[in-house]
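Trainee: Coordinates in structure13.cif, mmCIF, C-alpha atoms, are listed below.
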```cif
data_data
loop_
_atom_site.label_atom_id
_atom_site.label_comp_id
_atom_site.auth_asym_id
_atom_site.auth_seq_id
_atom_site.Cartn_x
_atom_site.Cartn_y
_atom_site.Cartn_z
CA MET A 1 113.46 106.52 105.73
CA SER A 2 113.26 107.29 102.02
CA ALA A 3 116.38 109.47 101.81
CA LEU A 4 118.38 106.92 103.74
CA ALA A 5 117.17 104.16 101.45
CA LEU A 6 118.53 105.80 98.30
CA THR A 7 121.83 106.79 99.91
CA GLY A 8 122.56 103.27 101.08
CA LEU A 9 121.28 101.24 98.17
CA LYS A 10 124.54 100.72 96.28
CA SER A 11 126.11 99.15 99.33
CA GLN A 12 123.33 96.57 99.32
CA VAL A 13 124.28 95.00 95.97
CA GLY A 14 124.71 91.30 96.55
CA ARG A 15 122.00 91.16 99.18
CA LYS A 16 119.88 88.00 99.03
CA SER A 17 116.34 87.26 100.07
CA SER A 18 115.50 84.30 102.21
CA GLU A 19 114.95 81.03 100.35
CA ARG A 20 111.36 80.29 99.39
CA LYS A 21 109.65 77.06 98.47
CA VAL A 22 106.36 77.42 96.60
CA THR A 23 103.95 75.01 94.98
CA LEU A 24 101.33 76.38 92.62
CA THR A 25 98.02 74.68 92.07
CA GLY A 26 96.37 74.22 88.72
CA VAL A 27 93.63 76.59 89.89
CA GLU A 28 96.15 79.35 90.60
CA MET A 29 97.73 78.84 87.18
CA ARG A 30 94.33 78.84 85.49
CA ASP A 31 93.20 81.99 87.32
CA PHE A 32 96.37 83.79 86.26
CA GLY A 33 95.93 82.65 82.68
CA THR A 34 92.32 83.79 82.64
CA CYS A 35 93.21 87.22 84.02
CA VAL A 36 95.87 87.76 81.35
CA LYS A 37 93.65 86.39 78.59
CA ALA A 38 95.75 83.39 77.76
CA THR A 39 93.76 81.31 75.33
CA VAL A 40 96.44 78.67 74.82
CA GLY A 41 96.58 76.02 77.52
CA ALA A 42 96.45 78.17 80.58
CA THR A 43 92.71 78.47 80.77
CA SER A 44 92.08 74.75 80.64
CA HIS A 45 92.25 72.27 83.50
CA SER A 46 94.80 70.17 81.67
CA PRO A 47 98.44 70.21 82.78
CA ILE A 48 99.95 73.60 82.24
CA THR A 49 103.59 74.27 81.62
CA SER A 50 105.62 77.36 82.26
CA ALA A 51 105.80 77.74 78.50
CA ALA A 52 102.04 78.37 78.47
CA VAL A 53 102.25 81.69 80.30
CA PRO A 54 105.91 82.57 80.84
CA THR A 55 105.05 85.58 82.97
CA LEU A 56 103.59 83.16 85.49
CA PHE A 57 106.85 83.63 87.36
CA THR A 58 105.67 87.09 88.32
CA LEU A 59 103.79 85.21 91.04
CA PHE A 60 107.15 84.51 92.65
CA ARG A 61 108.36 88.03 93.41
CA HIS A 62 108.42 87.47 97.15
CA GLY A 63 112.20 87.88 97.18
CA GLU A 64 112.14 91.32 95.51
CA PHE A 65 109.41 92.50 97.85
CA GLU A 66 111.31 91.14 100.87
CA ILE A 67 114.58 92.88 99.95
CA MET A 68 112.85 96.19 99.22
CA ASN A 69 110.91 95.99 102.48
CA ASP A 70 114.11 95.25 104.41
CA LEU A 71 115.71 98.32 102.82
CA GLY A 72 112.84 100.57 103.87
CA ILE A 73 111.41 100.88 100.36
CA GLN A 74 107.64 101.00 100.09
CA LEU A 75 106.01 99.42 97.05
CA LYS A 76 104.31 102.71 96.16
CA GLN A 77 107.78 104.23 95.55
CA VAL A 78 108.61 101.64 92.89
CA LEU A 79 107.91 101.36 89.16
CA HIS A 80 108.76 98.48 86.84
CA ALA A 81 111.30 99.29 84.11
CA GLU A 82 112.30 95.96 82.53
CA GLN A 83 111.55 92.28 82.89
CA VAL A 84 113.48 89.39 81.37
CA TYR A 85 112.59 85.71 81.55
CA GLU A 86 114.48 82.66 80.37
CA ASN A 87 112.31 79.57 80.18
CA LEU A 88 114.49 76.52 80.52
CA ALA A 89 112.13 73.66 81.39
CA PRO A 90 108.39 73.10 81.84
CA LEU A 91 106.78 73.51 85.24
CA ALA A 92 103.60 71.60 85.98
CA PRO A 93 101.05 72.27 88.71
CA SER A 94 101.91 70.67 92.06
CA GLU A 95 105.65 70.79 91.36
CA GLU A 96 107.48 72.65 94.12
CA ILE A 97 110.07 75.24 93.17
CA THR A 98 112.79 76.73 95.33
CA PHE A 99 114.16 80.20 94.74
CA THR A 100 116.24 83.00 96.21
CA THR A 101 116.35 86.54 94.81
CA ARG A 102 119.52 88.65 94.63
CA LEU A 103 119.97 92.40 94.25
CA VAL A 104 122.61 92.43 91.51
CA SER A 105 123.01 96.10 90.59
CA VAL A 106 121.97 99.63 91.54
CA VAL A 107 122.29 102.56 89.13
CA GLU A 108 121.39 106.03 90.34
CA LYS A 109 119.79 108.63 88.07
CA LYS A 110 118.12 112.01 88.50
CA SER A 111 115.15 113.57 86.75
CA LYS A 112 113.49 116.96 87.17
CA THR A 113 111.10 115.55 89.73
CA ALA A 114 112.86 112.64 91.42
CA ASN A 115 116.07 111.00 92.49
CA MET A 116 115.97 107.45 91.24
CA ALA A 117 117.73 104.15 91.69
CA PHE A 118 117.41 101.43 89.05
CA MET A 119 117.61 98.19 91.00
CA ALA A 120 118.14 94.89 89.17
CA PHE A 121 117.05 91.66 90.84
CA GLU A 122 117.82 88.15 89.62
CA THR A 123 116.02 84.97 90.58
CA ASP A 124 116.69 81.36 89.58
CA PHE A 125 113.71 79.06 89.90
CA VAL A 126 114.73 75.50 90.68
CA ARG A 127 112.42 72.47 90.68
CA THR A 128 112.94 71.11 94.18
CA ALA A 129 112.50 67.44 93.27
CA ASP A 130 115.35 67.18 90.76
CA GLY A 131 117.32 70.42 91.11
CA VAL A 132 116.60 71.47 87.53
CA THR A 133 116.49 75.23 86.91
CA VAL A 134 113.17 75.77 85.15
CA ALA A 135 113.43 79.53 84.66
CA LYS A 136 115.49 82.62 85.36
CA ALA A 137 114.11 86.10 85.90
CA ARG A 138 115.72 89.52 85.90
CA SER A 139 113.61 92.46 87.07
CA THR A 140 114.66 96.09 86.92
CA MET A 141 112.70 98.25 89.32
CA VAL A 142 112.90 102.03 89.63
CA TYR A 143 112.89 103.36 93.17
CA ARG A 144 111.88 107.04 93.21
CA GLU A 145 112.30 109.75 95.80
CA LEU A 146 110.26 112.75 94.70
CA THR A 147 112.12 116.07 94.81
CA ALA A 148 109.42 118.33 93.40
CA MET B 149 96.48 77.53 59.48
CA THR B 150 99.13 78.88 57.14
CA GLU B 151 102.91 78.76 57.11
CA MET B 152 104.71 81.64 58.77
CA SER B 153 107.12 83.74 56.74
CA ALA B 154 109.62 86.33 57.87
CA GLN B 155 107.58 89.16 56.45
CA ASP B 156 104.48 88.29 58.39
CA LEU B 157 103.01 90.97 60.58
CA ILE B 158 100.96 90.34 63.68
CA PRO B 159 98.06 92.75 63.19
CA PHE B 160 97.18 95.05 66.05
CA LYS B 161 94.04 94.03 67.86
CA SER B 162 92.42 95.23 71.05
CA VAL B 163 92.84 93.04 74.10
CA GLY B 164 90.73 95.14 76.43
CA VAL B 165 90.14 98.35 78.35
CA ILE B 166 91.85 98.77 81.71
CA THR B 167 89.38 98.81 84.60
CA LEU B 168 89.87 98.96 88.36
CA ASP B 169 88.25 95.54 88.69
CA TRP B 170 90.77 94.07 86.24
CA LEU B 171 93.68 95.59 88.21
CA LYS B 172 92.27 94.25 91.47
CA GLU B 173 91.96 90.80 89.93
CA PHE B 174 95.53 90.96 88.63
CA ALA B 175 96.68 91.96 92.12
CA ARG B 176 94.85 88.96 93.54
CA VAL B 177 96.24 86.40 91.11
CA SER B 178 99.77 87.82 91.00
CA GLY B 179 100.23 88.94 94.61
CA ASP B 180 101.34 92.44 93.53
CA TYR B 181 99.37 94.75 95.79
CA ASN B 182 101.32 97.94 95.06
CA PRO B 183 98.71 100.62 95.94
CA ILE B 184 99.58 102.81 92.94
CA HIS B 185 97.66 100.21 90.92
CA GLN B 186 94.47 100.54 92.99
CA ASP B 187 94.35 103.76 95.02
CA GLU B 188 94.16 107.09 93.20
CA ALA B 189 95.19 109.12 96.26
CA VAL B 190 98.33 107.04 96.75
CA ALA B 191 99.16 107.21 93.05
CA LYS B 192 98.83 111.01 93.05
CA SER B 193 100.92 111.28 96.21
CA MET B 194 103.71 109.58 94.26
CA GLY B 195 103.53 112.14 91.47
CA LEU B 196 101.47 110.03 89.09
CA PRO B 197 98.42 111.41 87.26
CA GLY B 198 96.26 108.62 88.65
CA VAL B 199 96.05 104.86 89.05
CA ILE B 200 98.32 103.04 86.62
CA ALA B 201 98.08 99.45 85.43
CA HIS B 202 100.58 96.84 86.59
CA GLY B 203 103.35 96.63 84.04
CA MET B 204 103.25 92.88 84.38
CA LEU B 205 99.58 92.83 83.38
CA THR B 206 100.41 94.38 80.02
CA ALA B 207 103.54 92.21 79.77
CA SER B 208 101.43 89.13 80.39
CA LEU B 209 98.92 90.20 77.73
CA LEU B 210 101.85 90.49 75.32
CA HIS B 211 102.95 86.97 76.23
CA SER B 212 99.44 85.63 75.76
CA ARG B 213 99.30 87.29 72.33
CA ALA B 214 102.65 85.71 71.47
CA LEU B 215 101.30 82.27 72.30
CA GLU B 216 98.28 82.90 70.07
CA ALA B 217 100.60 83.99 67.27
CA ILE B 218 102.65 80.80 67.60
CA MET B 219 99.52 78.68 67.41
CA ASP B 220 98.33 80.52 64.32
CA TYR B 221 100.97 78.82 62.19
CA ARG B 222 101.21 75.09 61.73
CA ASN B 223 104.95 75.22 61.12
CA LEU B 224 105.54 76.75 64.55
CA ARG B 225 103.89 74.06 66.65
CA GLY B 226 107.26 72.71 67.84
CA PHE B 227 108.46 76.10 69.02
CA HIS B 228 108.18 77.58 72.47
CA ILE B 229 109.18 80.87 74.07
CA GLY B 230 112.76 80.38 75.19
CA ALA B 231 113.22 83.90 76.47
CA SER B 232 111.49 87.26 76.56
CA GLU B 233 112.64 90.80 77.23
CA THR B 234 110.02 93.35 78.22
CA ARG B 235 110.54 97.10 78.44
CA PHE B 236 108.01 99.38 80.10
CA LYS B 237 108.11 102.61 78.11
CA ALA B 238 105.02 104.51 79.18
CA MET B 239 102.29 104.17 81.76
CA THR B 240 98.88 102.65 81.14
CA PHE B 241 95.97 104.32 82.89
CA LEU B 242 92.43 103.40 83.84
CA GLY B 243 90.24 103.59 80.75
CA ASP B 244 93.11 102.99 78.35
CA GLU B 245 92.42 100.47 75.60
CA ILE B 246 95.35 98.16 74.95
CA SER B 247 96.06 96.89 71.46
CA ILE B 248 98.87 94.49 70.61
CA GLY B 249 100.64 93.76 67.35
CA GLY B 250 104.10 93.22 65.93
CA GLN B 251 106.31 91.33 63.52
CA TRP B 252 108.23 88.09 63.08
CA GLN B 253 111.91 87.76 62.27
CA VAL B 254 113.66 84.54 61.25
CA THR B 255 116.98 84.56 63.10
CA GLY B 256 118.14 80.97 62.52
CA ALA B 257 117.13 77.50 61.39
CA ASN B 258 115.78 76.69 64.82
CA GLU B 259 115.27 80.16 66.18
CA LEU B 260 112.76 82.92 65.55
CA ARG B 261 112.23 86.33 67.02
CA LEU B 262 108.86 87.91 67.60
CA ASP B 263 108.64 91.59 68.53
CA LEU B 264 105.32 92.72 69.95
CA GLN B 265 104.21 96.15 71.11
CA ALA B 266 101.32 97.25 73.29
CA GLN B 267 99.74 100.53 72.29
CA ASN B 268 97.11 102.69 73.91
CA GLN B 269 94.13 104.23 72.10
CA LYS B 270 96.30 107.19 71.08
CA GLY B 271 98.71 104.90 69.25
CA GLU B 272 101.43 105.43 71.84
CA THR B 273 103.66 102.43 72.52
CA THR B 274 103.52 101.58 76.23
CA VAL B 275 105.21 98.19 76.56
CA THR B 276 107.37 96.15 74.19
CA THR B 277 108.45 92.53 74.40
CA GLY B 278 110.99 90.73 72.26
CA PHE B 279 110.50 86.96 72.23
CA THR B 280 113.08 84.37 71.27
CA LEU B 281 111.37 81.22 70.06
CA VAL B 282 113.28 77.96 70.04
CA ARG B 283 112.58 74.28 69.48
#
```
Would you encode the structure as structure tokens?
Mentor:
Amino acid sequence: MSALALTGLKSQVGRKSSERKVTLTGVEMRDFGTCVKATVGATSHSPITSAAVPTLFTLFRHGEFEIMNDLGIQLKQVLHAEQVYENLAPLAPSEEITFTTRLVSVVEKKSKTANMAFMAFETDFVRTADGVTVAKARSTMVYRELTA
Amino acid sequence: MTEMSAQDLIPFKSVGVITLDWLKEFARVSGDYNPIHQDEAVAKSMGLPGVIAHGMLTASLLHSRALEAIMDYRNLRGFHIGASETRFKAMTFLGDEISIGGQWQVTGANELRLDLQAQNQKGETTVTTGFTLVR
């Protein structure tokens, strides 16, 4: 499947994941903050905002994983190259967010040991209750097919 | 604390040594169960020297350090991280000690930039994040 995946990737630009609705608990936010050694806000039980640990949105990569799985890409074939977040509004525990992830570009490259595709995914995170976009994420993942 | 000035450096300080338990915990809390972050045989089958840390673990440590840096200065209390751009430049392996430091830049009356780097114990830069702070 791997050779087919790289050959067909460019034609998949524009592909979207299914829509997800997720609600995080304060415990999940706190556990994430503790793991990443956040000493400001995120380790307390008080209300936590997205501004406290902006990378919290890495918990919502279901769409990337879904698209890659649908394209026959296994996680072990993928490395992270870049990650961009825009934090537009706070997100508190118990607030539901809705999001869909899009594959927005594919750039092919070659190295001595692998054929690679740099895949960029974009996700807008919208607070379900009021339709406000609380954050945007752009992930660039490197899909590798080893040649040596 | 003191007032921040454009020349201020964020001194490098260790934020920990990468262990398999830490990677397993990050997988649990983040939902990223890519086996190259837990299974040496899988990592080697993909041409890697061994298990590597999740890039988003180091990126998150950089973000946590940024928040600490903001709180260190009383004149920054109204600021928050409006955006961040992280680049993964080199891999982080089991046993690597991560240190983080960087520098401020004043880019406008209501905008600051903070550039932080994660380094390993050899002084090699592994991950960088540029933060735009707004209020």
Trainee: Mind listing as a PyMOL selection string all residues within 9 Å of (99.3, 105.4, 79.0), counting all atoms listed in the file?
Mentor: chain B and resi 200-201+238-242+244+267-270+272-274
Trainee: What does the PyMOL selection byres ((chain A) within 7 of (chain B)) select in this file, as a count of residues only?
Mentor: 24
Trainee: Which neighbours of Gln12 (chain A) fall inside 9 Å, counting all atoms listed in the file, when residues of the same chain fewer than 4 positions from it are skipped, and could you give them as a list in words?
Mentor: Gly8, Leu71, Leu103, Val104, Ser105 and Val106 of chain A
Trainee: What is the CA of Glu28 (chain A) to CA of Phe60 (chain A) distance in Å?
Mentor: 12.3 Å
Trainee: Starting from the shown file, work through the PyMOL selection byres ((chain A and resi 131) around 12) and note down what comes out as a ChimeraX atom specification.
Mentor: /A:89,95-99,124-130,132-135
Trainee: Record the distance separating CA of Lys109 (chain A) and CA of Ala137 (chain A), expressed in Å with one decimal.
Mentor: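 The value is 23.3 Å.
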Trainee: Grab all the atoms of region 252-264 of chain B that the file lists, wrap them in a box along x, y and z, add 4 Å per side, and give me centre plus edge lengths in Å (one decimal) as AutoDock Vina command-line options.
Mentor:
```
--center_x 111.7 --center_y 84.7 --center_z 65.6 --size_x 20.8 --size_y 24.0 --size_z 16.7
```
Trainee: Could you please determine the separation between CA of Met119 (chain A) and CA of Pro54 (chain A) in Å, to one decimal place?
Mentor: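 Between CA of Met119 (chain A) and CA of Pro54 (chain A) the gap works out to 22.0 Å.
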